[in-house]
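K.L.:
File target-v5.pdb below, PDB, C-alpha atoms:
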ATOM      1  CA  MET R 190       0.000   0.000   0.000  1.00  0.00           C
ATOM      2  CA  HIS R 191       1.483   3.341  -1.019  1.00  0.00           C
ATOM      3  CA  ASP R 192       1.510   6.370   1.231  1.00  0.00           C
ATOM      4  CA  GLN R 193       0.843   9.806  -0.245  1.00  0.00           C
ATOM      5  CA  LYS R 194       4.521  10.699  -0.625  1.00  0.00           C
ATOM      6  CA  GLU R 195       5.343   7.476  -2.404  1.00  0.00           C
ATOM      7  CA  SER R 196       2.372   7.904  -4.732  1.00  0.00           C
ATOM      8  CA  ALA R 197       3.493  11.464  -5.513  1.00  0.00           C
ATOM      9  CA  ILE R 198       7.069  10.308  -6.152  1.00  0.00           C
ATOM     10  CA  PHE R 199       5.930   7.455  -8.391  1.00  0.00           C
ATOM     11  CA  GLN R 200       3.647   9.707 -10.436  1.00  0.00           C
ATOM     12  CA  ALA R 201       6.289  12.424 -10.801  1.00  0.00           C
ATOM     13  CA  ALA R 202       8.878   9.876 -11.909  1.00  0.00           C
ATOM     14  CA  ILE R 203       6.477   8.196 -14.347  1.00  0.00           C
ATOM     15  CA  ASP R 204       5.555  11.516 -15.954  1.00  0.00           C
ATOM     16  CA  LEU R 205       9.158  12.723 -16.192  1.00  0.00           C
ATOM     17  CA  PHE R 206      10.523   9.401 -17.456  1.00  0.00           C
ATOM     18  CA  ALA R 207       7.787   9.304 -20.100  1.00  0.00           C
ATOM     19  CA  GLN R 208       8.346  12.910 -21.186  1.00  0.00           C
ATOM     20  CA  LYS R 209      12.135  13.199 -21.000  1.00  0.00           C
ATOM     21  CA  GLY R 210      13.350   9.627 -20.947  1.00  0.00           C
ATOM     22  CA  PHE R 211      15.072   7.805 -18.128  1.00  0.00           C
ATOM     23  CA  GLU R 212      18.601   9.029 -18.845  1.00  0.00           C
ATOM     24  CA  ARG R 213      17.718  12.745 -19.015  1.00  0.00           C
ATOM     25  CA  THR R 214      15.563  12.786 -15.883  1.00  0.00           C
ATOM     26  CA  THR R 215      17.283  13.642 -12.602  1.00  0.00           C
ATOM     27  CA  MET R 216      16.352  12.734  -9.051  1.00  0.00           C
ATOM     28  CA  GLU R 217      16.317  16.462  -8.275  1.00  0.00           C
ATOM     29  CA  GLU R 218      13.608  17.002 -10.896  1.00  0.00           C
ATOM     30  CA  ILE R 219      11.573  14.110  -9.527  1.00  0.00           C
ATOM     31  CA  ALA R 220      11.791  15.519  -6.007  1.00  0.00           C
ATOM     32  CA  ALA R 221      10.709  18.971  -7.209  1.00  0.00           C
ATOM     33  CA  VAL R 222       7.696  17.696  -9.186  1.00  0.00           C
ATOM     34  CA  ALA R 223       6.687  15.356  -6.340  1.00  0.00           C
ATOM     35  CA  ASN R 224       7.042  18.261  -3.881  1.00  0.00           C
ATOM     36  CA  VAL R 225       9.342  16.340  -1.555  1.00  0.00           C
ATOM     37  CA  SER R 226      12.852  17.137  -0.405  1.00  0.00           C
ATOM     38  CA  LYS R 227      15.869  15.509  -2.055  1.00  0.00           C
ATOM     39  CA  GLY R 228      16.711  14.009   1.338  1.00  0.00           C
ATOM     40  CA  THR R 229      13.308  12.319   1.530  1.00  0.00           C
ATOM     41  CA  LEU R 230      13.647  10.970  -2.009  1.00  0.00           C
ATOM     42  CA  PHE R 231      17.130   9.559  -1.452  1.00  0.00           C
ATOM     43  CA  TYR R 232      16.141   8.119   1.912  1.00  0.00           C
ATOM     44  CA  ARG R 233      13.428   6.077   0.203  1.00  0.00           C
ATOM     45  CA  TYR R 234      15.356   5.251  -3.004  1.00  0.00           C
ATOM     46  CA  THR R 235      19.133   5.136  -3.125  1.00  0.00           C
ATOM     47  CA  SER R 236      19.248   5.699  -6.890  1.00  0.00           C
ATOM     48  CA  LYS R 237      17.174   6.529  -9.931  1.00  0.00           C
ATOM     49  CA  GLU R 238      17.565   2.923 -11.081  1.00  0.00           C
ATOM     50  CA  GLU R 239      16.091   1.599  -7.833  1.00  0.00           C
ATOM     51  CA  LEU R 240      13.123   3.973  -8.135  1.00  0.00           C
ATOM     52  CA  PHE R 241      12.584   2.978 -11.771  1.00  0.00           C
ATOM     53  CA  VAL R 242      12.627  -0.747 -10.999  1.00  0.00           C
ATOM     54  CA  LYS R 243      10.198  -0.322  -8.085  1.00  0.00           C
ATOM     55  CA  ILE R 244       7.779   1.644 -10.257  1.00  0.00           C
ATOM     56  CA  VAL R 245       7.814  -0.970 -13.005  1.00  0.00           C
ATOM     57  CA  ARG R 246       7.554  -3.899 -10.590  1.00  0.00           C
ATOM     58  CA  HIS R 247       4.606  -2.262  -8.834  1.00  0.00           C
ATOM     59  CA  ALA R 248       2.834  -1.664 -12.160  1.00  0.00           C
ATOM     60  CA  LEU R 249       3.416  -5.229 -13.365  1.00  0.00           C
ATOM     61  CA  ASP R 250       2.385  -6.740 -10.026  1.00  0.00           C
ATOM     62  CA  ARG R 251      -0.847  -4.753 -10.121  1.00  0.00           C
ATOM     63  CA  PHE R 252      -1.522  -5.795 -13.714  1.00  0.00           C
ATOM     64  CA  PHE R 253      -0.873  -9.482 -12.958  1.00  0.00           C
ATOM     65  CA  SER R 254      -3.014  -9.538  -9.824  1.00  0.00           C
ATOM     66  CA  THR R 255      -5.885  -7.724 -11.569  1.00  0.00           C
ATOM     67  CA  GLY R 256      -5.660 -10.003 -14.591  1.00  0.00           C
ATOM     68  CA  LYS R 257      -5.497 -13.244 -12.630  1.00  0.00           C
ATOM     69  CA  ALA R 258      -8.477 -12.239 -10.482  1.00  0.00           C
ATOM     70  CA  ALA R 259     -10.538 -11.322 -13.548  1.00  0.00           C
ATOM     71  CA  ILE R 260      -9.615 -14.500 -15.418  1.00  0.00           C
ATOM     72  CA  ALA R 261     -10.072 -16.934 -12.508  1.00  0.00           C
ATOM     73  CA  PRO R 262     -13.806 -17.643 -13.110  1.00  0.00           C
ATOM     74  CA  ILE R 263     -13.398 -17.983 -16.901  1.00  0.00           C
ATOM     75  CA  ILE R 264     -13.245 -21.513 -18.304  1.00  0.00           C
ATOM     76  CA  LYS R 265     -12.468 -21.244 -22.030  1.00  0.00           C
ATOM     77  CA  ALA R 266      -8.884 -20.450 -23.025  1.00  0.00           C
ATOM     78  CA  ARG R 267     -10.014 -18.200 -25.887  1.00  0.00           C
ATOM     79  CA  ASP R 268     -12.099 -16.076 -23.509  1.00  0.00           C
ATOM     80  CA  LYS R 269      -9.162 -15.825 -21.111  1.00  0.00           C
ATOM     81  CA  LEU R 270      -6.865 -14.609 -23.887  1.00  0.00           C
ATOM     82  CA  ALA R 271      -9.467 -12.113 -25.094  1.00  0.00           C
ATOM     83  CA  LEU R 272      -9.743 -10.660 -21.606  1.00  0.00           C
ATOM     84  CA  ILE R 273      -5.964 -10.457 -21.196  1.00  0.00           C
ATOM     85  CA  LEU R 274      -5.683  -8.521 -24.459  1.00  0.00           C
ATOM     86  CA  SER R 275      -8.394  -6.125 -23.303  1.00  0.00           C
ATOM     87  CA  LEU R 276      -6.760  -5.627 -19.906  1.00  0.00           C
ATOM     88  CA  GLN R 277      -3.375  -4.908 -21.461  1.00  0.00           C
ATOM     89  CA  ILE R 278      -4.944  -2.251 -23.681  1.00  0.00           C
ATOM     90  CA  GLN R 279      -7.048  -0.780 -20.865  1.00  0.00           C
ATOM     91  CA  LEU R 280      -3.987  -0.444 -18.627  1.00  0.00           C
ATOM     92  CA  ALA R 281      -2.187   1.513 -21.335  1.00  0.00           C
ATOM     93  CA  PHE R 282      -5.069   3.878 -22.039  1.00  0.00           C
ATOM     94  CA  GLN R 283      -5.787   4.458 -18.353  1.00  0.00           C
ATOM     95  CA  ASN R 284      -2.105   5.205 -17.652  1.00  0.00           C
ATOM     96  CA  PRO R 285      -0.596   6.492 -20.920  1.00  0.00           C
ATOM     97  CA  ASN R 286       2.626   7.816 -19.387  1.00  0.00           C
ATOM     98  CA  LEU R 287       3.178   4.552 -17.561  1.00  0.00           C
ATOM     99  CA  ALA R 288       2.551   2.637 -20.797  1.00  0.00           C
ATOM    100  CA  LYS R 289       5.021   4.847 -22.683  1.00  0.00           C
ATOM    101  CA  LEU R 290       7.553   4.313 -19.915  1.00  0.00           C
ATOM    102  CA  LEU R 291       7.144   0.534 -20.050  1.00  0.00           C
ATOM    103  CA  PHE R 292       7.327   0.327 -23.837  1.00  0.00           C
ATOM    104  CA  ARG R 293      10.124   2.885 -24.294  1.00  0.00           C
ATOM    105  CA  GLU R 294      12.366   2.158 -21.340  1.00  0.00           C
ATOM    106  CA  VAL R 295      11.809  -1.536 -20.593  1.00  0.00           C
ATOM    107  CA  TRP R 296      11.517  -3.058 -24.051  1.00  0.00           C
ATOM    108  CA  GLY R 297      14.966  -3.616 -25.495  1.00  0.00           C
ATOM    109  CA  ILE R 298      16.944  -2.844 -22.326  1.00  0.00           C
ATOM    110  CA  VAL R 299      15.128  -5.217 -20.015  1.00  0.00           C
ATOM    111  CA  ASP R 300      18.310  -7.244 -19.513  1.00  0.00           C
ATOM    112  CA  ARG R 301      19.704  -4.339 -17.499  1.00  0.00           C
ATOM    113  CA  TYR R 302      17.135  -5.233 -14.879  1.00  0.00           C
ATOM    114  CA  PRO R 303      17.050  -8.995 -14.164  1.00  0.00           C
ATOM    115  CA  LEU R 304      14.037  -8.664 -11.854  1.00  0.00           C
ATOM    116  CA  LEU R 305      12.043  -7.027 -14.653  1.00  0.00           C
ATOM    117  CA  ARG R 306      13.156  -9.722 -17.088  1.00  0.00           C
ATOM    118  CA  GLN R 307      11.915 -12.311 -14.615  1.00  0.00           C
ATOM    119  CA  GLN R 308       8.517 -10.617 -14.285  1.00  0.00           C
ATOM    120  CA  PHE R 309       8.188 -10.277 -18.038  1.00  0.00           C
ATOM    121  CA  ASP R 310       9.036 -13.968 -18.464  1.00  0.00           C
ATOM    122  CA  GLU R 311       6.435 -14.853 -15.817  1.00  0.00           C
ATOM    123  CA  TYR R 312       3.785 -12.977 -17.809  1.00  0.00           C
ATOM    124  CA  LEU R 313       4.739 -14.768 -21.012  1.00  0.00           C
ATOM    125  CA  GLN R 314       4.692 -18.089 -19.145  1.00  0.00           C
ATOM    126  CA  TYR R 315       1.187 -17.259 -17.895  1.00  0.00           C
ATOM    127  CA  LEU R 316       0.084 -16.680 -21.494  1.00  0.00           C
ATOM    128  CA  ARG R 317       1.768 -19.913 -22.602  1.00  0.00           C
ATOM    129  CA  VAL R 318      -0.104 -21.949 -19.993  1.00  0.00           C
ATOM    130  CA  ILE R 319      -3.449 -20.589 -21.213  1.00  0.00           C
ATOM    131  CA  ILE R 320      -2.489 -21.207 -24.847  1.00  0.00           C
ATOM    132  CA  ASP R 321      -1.441 -24.779 -24.033  1.00  0.00           C
ATOM    133  CA  GLU R 322      -4.789 -25.314 -22.273  1.00  0.00           C
ATOM    134  CA  GLY R 323      -6.563 -24.120 -25.403  1.00  0.00           C
ATOM    135  CA  ILE R 324      -4.523 -26.414 -27.623  1.00  0.00           C
ATOM    136  CA  ALA R 325      -5.152 -29.407 -25.349  1.00  0.00           C
ATOM    137  CA  SER R 326      -8.916 -28.755 -25.359  1.00  0.00           C
ATOM    138  CA  GLY R 327      -9.033 -28.274 -29.139  1.00  0.00           C
ATOM    139  CA  GLU R 328     -10.066 -24.621 -28.864  1.00  0.00           C
ATOM    140  CA  LEU R 329      -6.784 -23.485 -30.420  1.00  0.00           C
ATOM    141  CA  ARG R 330      -4.685 -24.869 -33.235  1.00  0.00           C
ATOM    142  CA  GLU R 331      -1.472 -26.808 -32.621  1.00  0.00           C
ATOM    143  CA  LEU R 332       0.968 -23.915 -32.420  1.00  0.00           C
ATOM    144  CA  ASP R 333       4.227 -23.007 -30.719  1.00  0.00           C
ATOM    145  CA  SER R 334       2.819 -21.526 -27.512  1.00  0.00           C
ATOM    146  CA  GLU R 335       6.062 -19.737 -26.625  1.00  0.00           C
ATOM    147  CA  MET R 336       6.226 -17.936 -29.961  1.00  0.00           C
ATOM    148  CA  LEU R 337       2.516 -17.163 -29.857  1.00  0.00           C
ATOM    149  CA  ALA R 338       2.697 -15.675 -26.349  1.00  0.00           C
ATOM    150  CA  VAL R 339       5.475 -13.306 -27.434  1.00  0.00           C
ATOM    151  CA  ALA R 340       3.595 -12.425 -30.640  1.00  0.00           C
ATOM    152  CA  MET R 341       0.353 -11.675 -28.777  1.00  0.00           C
ATOM    153  CA  PHE R 342       2.110  -9.419 -26.305  1.00  0.00           C
ATOM    154  CA  GLY R 343       4.140  -7.719 -29.031  1.00  0.00           C
ATOM    155  CA  MET R 344       1.231  -7.058 -31.381  1.00  0.00           C
ATOM    156  CA  THR R 345      -0.885  -5.647 -28.569  1.00  0.00           C
ATOM    157  CA  ALA R 346       1.931  -3.495 -27.218  1.00  0.00           C
ATOM    158  CA  ALA R 347       2.898  -2.123 -30.646  1.00  0.00           C
ATOM    159  CA  ALA R 348      -0.683  -1.309 -31.632  1.00  0.00           C
ATOM    160  CA  THR R 349      -1.352   0.336 -28.277  1.00  0.00           C
ATOM    161  CA  MET R 350       1.813   2.425 -28.470  1.00  0.00           C
ATOM    162  CA  GLN R 351       0.862   3.606 -31.946  1.00  0.00           C
ATOM    163  CA  ALA R 352      -2.544   4.681 -30.657  1.00  0.00           C
ATOM    164  CA  LEU R 353      -1.013   6.524 -27.711  1.00  0.00           C
ATOM    165  CA  LEU R 354       1.324   8.431 -30.029  1.00  0.00           C
ATOM    166  CA  LEU R 355      -1.481   9.276 -32.465  1.00  0.00           C
ATOM    167  CA  PRO R 356      -4.424  10.779 -30.506  1.00  0.00           C
ATOM    168  CA  GLU R 357      -6.851  10.295 -33.393  1.00  0.00           C
ATOM    169  CA  LEU R 358      -6.502   6.535 -32.909  1.00  0.00           C
ATOM    170  CA  ASP R 359      -7.398   6.762 -29.209  1.00  0.00           C
ATOM    171  CA  GLN R 360     -10.094   4.097 -29.300  1.00  0.00           C
ATOM    172  CA  ALA R 361      -9.301   1.477 -26.685  1.00  0.00           C
ATOM    173  CA  LYS R 362     -12.517  -0.528 -27.045  1.00  0.00           C
ATOM    174  CA  PHE R 363     -12.326  -0.628 -30.849  1.00  0.00           C
ATOM    175  CA  MET R 364      -8.662  -1.616 -30.702  1.00  0.00           C
ATOM    176  CA  ALA R 365      -9.341  -4.428 -28.225  1.00  0.00           C
ATOM    177  CA  GLU R 366     -12.102  -5.836 -30.421  1.00  0.00           C
ATOM    178  CA  GLU R 367      -9.995  -5.629 -33.581  1.00  0.00           C
ATOM    179  CA  LEU R 368      -6.956  -7.270 -31.995  1.00  0.00           C
ATOM    180  CA  GLN R 369      -9.106 -10.015 -30.533  1.00  0.00           C
ATOM    181  CA  ARG R 370     -10.592 -10.656 -33.972  1.00  0.00           C
ATOM    182  CA  VAL R 371      -7.262 -10.584 -35.818  1.00  0.00           C
ATOM    183  CA  ILE R 372      -5.264 -12.637 -33.314  1.00  0.00           C
ATOM    184  CA  LEU R 373      -7.774 -15.027 -31.847  1.00  0.00           C
ATOM    185  CA  GLN R 374      -9.675 -15.971 -34.989  1.00  0.00           C
ATOM    186  CA  GLY R 375      -6.374 -16.886 -36.571  1.00  0.00           C
ATOM    187  CA  ILE R 376      -5.485 -19.384 -33.862  1.00  0.00           C
ATOM    188  CA  GLU R 377      -8.853 -20.984 -33.184  1.00  0.00           C
ATOM    189  CA  GLY R 378      -9.042 -24.709 -33.671  1.00  0.00           C
ATOM    190  CA  GLY R 379     -11.725 -27.053 -34.915  1.00  0.00           C
ATOM    191  CA  GLU R 380     -14.672 -26.305 -37.161  1.00  0.00           C
ATOM    192  CA  LYS R 381     -15.079 -22.750 -35.910  1.00  0.00           C
ATOM    193  CA  ASN R 382     -11.666 -21.810 -37.248  1.00  0.00           C
ATOM    194  CA  ASP R 383     -12.364 -23.416 -40.632  1.00  0.00           C
ATOM    195  CA  ASP R 384     -15.607 -21.458 -40.948  1.00  0.00           C
ATOM    196  CA  SER R 385     -13.993 -18.157 -40.015  1.00  0.00           C
ATOM    197  CA  LEU R 386     -11.336 -18.538 -42.711  1.00  0.00           C
ATOM    198  CA  SER R 387     -13.652 -19.584 -45.495  1.00  0.00           C
TER
END
Translate this file's structure into structure tokens.

P.N.:
Amino acid sequence: MHDQKESAIFQAAIDLFAQKGFERTTMEEIAAVANVSKGTLFYRYTSKEELFVKIVRHALDRFFSTGKAAIAPIIKARDKLALILSLQIQLAFQNPNLAKLLFREVWGIVDRYPLLRQQFDEYLQYLRVIIDEGIASGELRELDSEMLAVAMFGMTAAATMQALLLPELDQAKFMAEELQRVILQGIEGGEKNDDSLS
């Protein structure tokens, strides 16, 4: 549970990292925007890297816990994947600066932060388990679940980032429906998939 100062620090850092980039943002700027003293900021976080990692871990933990709770009562793998896609898009549109921070600063340099790499791998593993369930039940085609998990995340992230950078495409619900149609119809198994491709 965050206290008010931590929430203010997190929000200031998210906004500054998203606007200026991680490298060009200073702890002094974060303290000023958060309206806390430099001493308070450095007492809580020994470095900008530590603050960055804690922000990202908190965001991912919240996303995972929200997603798992929402998916728990759902039985069909396809419906689980559809909901995950929607939640990933909703998170980005509800917190655009956080989404920009995650996409811009974490993607590509994630190996600098082993804990973030581990969390990202855990998310992909979660997707793979659902995909494997769908394959086993016949809902989904026989596919490489590891490759598909990465592709689903990547397509959703790239499309969302494009929409965030181009305000005229700011249509979260439409985007979720289109991505669900494009991705999920292509991987459905059985007769339903044959019909959808005919």

K.L.:
What does the distance between CA of Leu270 (chain R) and CA of Ile244 (chain R) come to in Å, to one decimal place?

P.N.:
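Value for the CA of Leu270 (chain R)-CA of Ile244 (chain R) distance: 25.8 Å.
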
K.L.:
Show me, as a VMD selection string, the residues that have an atom within 7 Å of Ala207 (chain R) when counting all atoms listed in the file, minus same-chain residues fewer than 2 positions from it.

P.N.:
chain R and resid 203 to 205 209 to 210 286 289 to 290

K.L.:
With all atoms of region 332-344 of chain R from the file as input, state the centre and edge lengths in Å to one decimal of the axis-aligned box that has 8 Å extra on each side, as JSON.

P.N.:
{"center_x": 3.3, "center_y": -15.5, "center_z": -29.4, "size_x": 21.9, "size_y": 32.9, "size_z": 22.1}

K.L.:
Where does the PyMOL selection byres ((chain R and resi 246-253) around 10) land in this file, that is, which residues does it pick, as a list in words?

P.N.:
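So the PyMOL selection byres ((chain R and resi 246-253) around 10) ends up selecting Phe199, Leu240, Phe241, Val242, Lys243, Ile244, Val245, Ser254, Thr255, Gly256, Lys257, Ala258, Ala259, Ile273, Leu276, Gln277, Leu280, Leu287, Ala288, Leu291, Leu304, Leu305, Gln308, Phe309, Glu311, Tyr312 and Tyr315 of chain R.
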
K.L.:
What is the distance, in Å and to one decimal place, between CA of Leu329 (chain R) and CA of Thr349 (chain R)?

P.N.:
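Value for the CA of Leu329 (chain R)-CA of Thr349 (chain R) distance: 24.5 Å.
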
K.L.:
Using the chain letters and numbering of this document, enumerate as a PyMOL selection string the residues selected by the PyMOL selection byres ((chain R and resi 339) around 12).

P.N.:
chain R and resi 309-317+320+333-338+340-347

K.L.:
Complete region 206-229 of chain R at the level of N, CA, C and O atoms, written as a tab-separated table (two decimals), keeping the file's coordinate frame.

P.N.:
chain	number	residue	atom	x	y	z
R	206	PHE	N	9.89	10.45	-16.64
R	206	PHE	CA	10.52	9.40	-17.46
R	206	PHE	C	9.85	9.30	-18.82
R	206	PHE	O	10.52	9.11	-19.84
R	207	ALA	N	8.53	9.41	-18.84
R	207	ALA	CA	7.79	9.30	-20.10
R	207	ALA	C	8.06	10.50	-21.00
R	207	ALA	O	8.17	10.37	-22.22
R	208	GLN	N	8.16	11.69	-20.40
R	208	GLN	CA	8.35	12.91	-21.19
R	208	GLN	C	9.79	13.10	-21.64
R	208	GLN	O	10.04	13.45	-22.79
R	209	LYS	N	10.74	12.88	-20.72
R	209	LYS	CA	12.14	13.20	-21.00
R	209	LYS	C	13.01	11.98	-21.27
R	209	LYS	O	14.11	12.12	-21.80
R	210	GLY	N	12.53	10.83	-20.87
R	210	GLY	CA	13.35	9.63	-20.95
R	210	GLY	C	14.07	9.41	-19.63
R	210	GLY	O	14.29	10.35	-18.86
R	211	PHE	N	14.43	8.16	-19.40
R	211	PHE	CA	15.07	7.80	-18.13
R	211	PHE	C	16.41	8.51	-17.95
R	211	PHE	O	16.69	9.09	-16.89
R	212	GLU	N	17.24	8.49	-18.97
R	212	GLU	CA	18.60	9.03	-18.84
R	212	GLU	C	18.61	10.52	-18.56
R	212	GLU	O	19.45	11.01	-17.80
R	213	ARG	N	17.69	11.28	-19.16
R	213	ARG	CA	17.72	12.74	-19.02
R	213	ARG	C	16.97	13.25	-17.79
R	213	ARG	O	17.00	14.44	-17.50
R	214	THR	N	16.28	12.38	-17.10
R	214	THR	CA	15.56	12.79	-15.88
R	214	THR	C	16.48	12.67	-14.68
R	214	THR	O	17.22	11.69	-14.54
R	215	THR	N	16.45	13.68	-13.81
R	215	THR	CA	17.28	13.64	-12.60
R	215	THR	C	16.42	13.41	-11.36
R	215	THR	O	15.21	13.71	-11.36
R	216	MET	N	17.04	12.92	-10.32
R	216	MET	CA	16.35	12.73	-9.05
R	216	MET	C	15.91	14.08	-8.49
R	216	MET	O	14.86	14.18	-7.84
R	217	GLU	N	16.69	15.13	-8.73
R	217	GLU	CA	16.32	16.46	-8.28
R	217	GLU	C	15.01	16.92	-8.91
R	217	GLU	O	14.14	17.49	-8.24
R	218	GLU	N	14.85	16.64	-10.20
R	218	GLU	CA	13.61	17.00	-10.90
R	218	GLU	C	12.43	16.22	-10.33
R	218	GLU	O	11.33	16.77	-10.14
R	219	ILE	N	12.64	14.94	-10.08
R	219	ILE	CA	11.57	14.11	-9.53
R	219	ILE	C	11.14	14.64	-8.17
R	219	ILE	O	9.95	14.76	-7.88
R	220	ALA	N	12.11	14.99	-7.33
R	220	ALA	CA	11.79	15.52	-6.01
R	220	ALA	C	10.99	16.81	-6.12
R	220	ALA	O	10.01	17.02	-5.39
R	221	ALA	N	11.40	17.69	-7.05
R	221	ALA	CA	10.71	18.97	-7.21
R	221	ALA	C	9.27	18.78	-7.67
R	221	ALA	O	8.34	19.38	-7.11
R	222	VAL	N	9.05	17.92	-8.66
R	222	VAL	CA	7.70	17.70	-9.19
R	222	VAL	C	6.83	17.00	-8.14
R	222	VAL	O	5.64	17.28	-8.02
R	223	ALA	N	7.44	16.08	-7.38
R	223	ALA	CA	6.69	15.36	-6.34
R	223	ALA	C	6.47	16.19	-5.09
R	223	ALA	O	5.73	15.79	-4.19
R	224	ASN	N	7.14	17.36	-5.03
R	224	ASN	CA	7.04	18.26	-3.88
R	224	ASN	C	7.54	17.60	-2.60
R	224	ASN	O	6.91	17.69	-1.54
R	225	VAL	N	8.67	16.91	-2.72
R	225	VAL	CA	9.34	16.34	-1.56
R	225	VAL	C	10.80	16.79	-1.58
R	225	VAL	O	11.32	17.19	-2.63
R	226	SER	N	11.45	16.74	-0.46
R	226	SER	CA	12.85	17.14	-0.40
R	226	SER	C	13.74	16.06	-1.04
R	226	SER	O	13.36	14.89	-1.11
R	227	LYS	N	14.92	16.48	-1.50
R	227	LYS	CA	15.87	15.51	-2.06
R	227	LYS	C	16.25	14.48	-1.00
R	227	LYS	O	16.43	13.30	-1.32
R	228	GLY	N	16.36	14.93	0.26
R	228	GLY	CA	16.71	14.01	1.34
R	228	GLY	C	15.67	12.92	1.50
R	228	GLY	O	16.01	11.74	1.68
R	229	THR	N	14.40	13.30	1.42
R	229	THR	CA	13.31	12.32	1.53
R	229	THR	C	13.36	11.33	0.38
R	229	THR	O	13.21	10.11	0.58
